[in-house]
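To start, the structure itself, in structure tokens.
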Amino acid sequence: MGFQCRQFYLKDDQCAMKVSTDSLLFGAWVQVGMAQRILDMGTGCGILALMLAQRSAATAMIEAVELDPNAAIQAQQNVLASPWSDKIVITQGDVITAAYRENQYDLIVMNPPYFANHLASASKERELARQGTGDIWQAWLQRAAQLLAPNGRIAVVAPIQALDTIVAELAAMNLQVACQCMVQSTPKKAPYLVLFEFVRDSEEQTAKFEELVIRDEVGHYTVSFKQITKDFYLN
């Protein structure tokens with residue numbers, strides 16, 4: 001089982017969390033810019049690390065951390081089979097206690113386990129991957145803030161129920177919203193997902209707020225969604 005992107009192939013049969021539209025959207029939406037030191041917290045099969053490798057400068061280095069041993073092994077296999085095996089390093093371990101290769105990162109992306117009361121799980125492994133052991137936002141965000149370079153950015157994908165919690169946690173760490181995207185699955189449904197970028201507090205920073213609908217009324221991908229993800233989805 002796996003997913004074919006334009007420039008790489010992802011196997012995910014050993015991962016509790018499979019490749020999803022949400023993760024593909026997030027990886028395509030994040031502003032990579034000229035970031036040289038990139039960290040992917042909770043990489044799963046390596047999807048975000050590989051997407052960022054495709055989009056980043058040739059000299060950028062990416063470290064991707066994954067707790068589950070089987071998922072970490074599969075992420076490593078996906079990296080080795082990709083064009084960017086020389087710029088991605090997979091580390092198996094807990095994102096809170098891992099021995100990171102860098103002290104500061106220009107861009108940190110995270111797709112963390114969600115609150116236990118936000119999502120139902122069909123298996124023990126999936127429960128670990130999606131929910132962790134309770135309210136993990138504070139611990140993950142605090143660790144990310146500690147590893148963030150002065151002018152760096154933290155990008156987060158989260159269920160809409162976690163929006164207020166995440167904003168409050170990061171405000172307490174002197175981080176503010178730089179960009180926020182509310183995602184709807186269809187035009188008539190309420191947003192279910194939020195994509196964030198945070199930066200350190202700055203009086204000159206003006207937040208950008210946007211919305212995105214994935215599919216139209218008849219179930220086709222919207223023009224906006226296809227535009228964002230065009231470098232990864234096959235026609």
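In the structure tokens, chains take letters A, B, ... by order of appearance, with residues numbered from 1 within each chain and ligands from 1 in the order shown.
Non-sequential neighbours of Ile160 of chain A (distance at most 6 Å, separation of 6 or more positions within a chain, only C-alpha atoms) are Tyr192, Leu193 and Val194 of chain A.
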Go through segment 17-47 of chain A and collect every residue that DSSP, computed from the backbone, puts in strand (DSSP E); the answer should be as a list in words.
Arg37, Ile38, Leu39, Asp40 and Met41 of chain A
Write out as a Markdown table the residues of segment 80-117 of chain A that have any atom within 9 Å of an atom of segment 4-21 of chain A, one row each with the nearest atom pair and its distance in Å to one decimal, counting only C-alpha atoms, sorted by chain and then rising number.
```
| residue | atom | partner | partner_atom | distance |
| --- | --- | --- | --- | --- |
| A:Ala81 | CA | A:Phe8 | CA | 7.8 |
| A:Ser82 | CA | A:Phe8 | CA | 5.6 |
| A:Pro83 | CA | A:Phe8 | CA | 7.5 |
```
Show which residues sit within 7 Å of segment 62-71 of chain A, as a ChimeraX atom specification. Count only C-alpha atoms, and ignore same-chain residues fewer than 4 positions away.
/A:14-15,37-45,49,75,87-95
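The interatomic distance for the pair atom CA of Phe225 of chain A and atom CA of Phe198 of chain A works out to 22.1 Å.
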When distances are computed from only C-alpha atoms, which of A:Ala172, A:Ala144, A:Ala58, A:Leu50 shows the smallest separation from Ala98 of chain A?
A:Ala144
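When atom CA of Gln142 of chain A is paired with atom CA of Ile96 of chain A, their separation reads 8.9 Å.
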At what distance in Å, to one decimal, does atom CA of Phe3 of chain A lie from atom CA of Lys226 of chain A?
16.9 Å
